[in-house]
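Since the structure comes first, as C-alpha cells, the remarks are kept for the end.
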Amino acid sequence: MSEQTTTTRLDLFIDRMVSQRACLDAAITQTTGRNEPVFELGLGNGRTFHHMRERIRDRDVYVFERAVASHPDSTPAEHLTILGDVRETLPAARSRFPAGASLIHADLGGHDREKNDAFARMISPLIEPLLAINGLMVSSDRMYFDALEEQPLPEGAVPGRCFIYRRT
Ligand code: SAM
C-alpha cells in the first residue's frame, strides 16, 4: 500500500475548524473578566459567532458583516450587528468604541488563499487600532500588524491554520 502524504482539502478544513476552536477557547479564557466588548468579523453561517456567544457571558459580542445570512440560531441581535463592508465599518467603529475590543476574531476569507492574504494585508491596519491593551486577536489568516505580537498557539491548534496576536 502506498504511503498517504498528500494533505487533502478535507484535512485542511478539519485543521482550520479544530484550530479555530482551540484558539478561540484560549483567547476567551485569557480575556475573561475584561470590560471591553468582543468583535466577530465575518458572520457567515454563524458557527464561530454561536460558539463565542455561548462561551462569552460577560461581554457583548458585536458582529461585523456585509450581509447577514446565518443560521437562525446563530444570528446576532440587531443592536449587536454592524452591517456593511468592514473597510468602512472598522474605521467608523473607532469613535464608537474608544476603549477598543478585548477580543477580535476575524474569519473573512473565502477559498482563494492569495485573495485572502491580500485582504488580510489591507485590513490589518484597520483592525490594529481597535484592539485594547492586552487584548487578543484571533484570525484564520496571517495578519500584518505593526505593534501586535504573534502569540504561541494553544494545544490542539495546527500551525498556519490559525493565528493569535496580542497588543502589549
Ligand atoms: N466564521 C464563520 C462561521 O463560523 O460560520 C464563517 C465566516 S465566512 C468564511 C466569511 C464571512 O465574511 C462571510 O459571511 C462574508 O460575507 C463576510 N465578509 C467577507 N468580506 C467582508 C467585508 N469586506 N465586509 C464585511 N463582511 C465581509
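Ordered as shown in the C-alpha cells, chains take letters A, B, and onward, while each chain numbers its residues from 1 and ligands are numbered from 1 in the order shown.
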
Within 10 Å of Pro159 of chain A using only C-alpha atoms, minus same-chain residues under 4 positions, as a tab-separated table (two decimals) with N, CA and C atoms, in the first residue's frame:
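After the write, selection-v5.tsv holds the following:
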```tsv
chain	number	residue	atom	x	y	z
A	15	ASP	N	-8.47	20.84	9.96
A	15	ASP	CA	-7.42	21.55	10.71
A	15	ASP	C	-7.86	22.98	11.04
A	16	ARG	N	-8.53	23.62	10.08
A	16	ARG	CA	-8.95	25.02	10.31
A	16	ARG	C	-10.01	25.09	11.40
A	19	SER	N	-8.50	24.25	14.81
A	19	SER	CA	-7.62	25.34	15.24
A	19	SER	C	-8.43	26.55	15.66
A	152	PRO	N	2.15	32.24	20.81
A	152	PRO	CA	2.20	30.79	20.58
A	152	PRO	C	0.79	30.22	20.52
A	153	LEU	N	0.62	29.16	19.74
A	153	LEU	CA	-0.72	28.56	19.61
A	153	LEU	C	-1.01	27.63	20.78
A	154	PRO	N	-2.28	27.51	21.16
A	154	PRO	CA	-2.63	26.58	22.23
A	154	PRO	C	-2.55	25.14	21.73
A	163	PHE	N	-4.12	32.03	13.82
A	163	PHE	CA	-3.09	32.91	14.36
A	163	PHE	C	-3.67	33.70	15.53
```

Report as a ChimeraX atom specification which protein, DNA and RNA residues come within 9 Å of ligand 1, using only C-alpha atoms and all ligand atoms. /A:17,20,40-51,64-71,74,83-89,105-111,119,123,140

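Relative to atom CA of His79 of chain A, atom CA of Val61 of chain A is found at 10.4 Å.
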
So that I can see what lies close to Arg34 of chain A, please list as a list in words the residues with an atom at most 12 Å from it, counting only C-alpha atoms and leaving out residues fewer than 2 positions away in the same chain.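 Returned residues: Ala27, Ile28, Thr29, Gln30, Thr31, Thr32, Glu36, Pro37, Val38, Ile56, Arg57, Asp58, Arg59, Asp60, Ala99, Gly100, Ala101, Ser102, Leu103, Ala132, Ile133, Asn134, Gly135 and Leu136 of chain A.
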
Once DSSP has gone over the backbone, tell me which residues of segment 4-168 of chain A are in alpha helix (DSSP H), as a ChimeraX atom specification. /A:9-31,47-55,86-96,113-127

Atomic separation - atom CA of Lys115 of chain A relative to atom CA of Ile14 of chain A, Å: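 Atom-to-atom, atom CA of Ile14 of chain A to atom CA of Lys115 of chain A, that is 21.0 Å.
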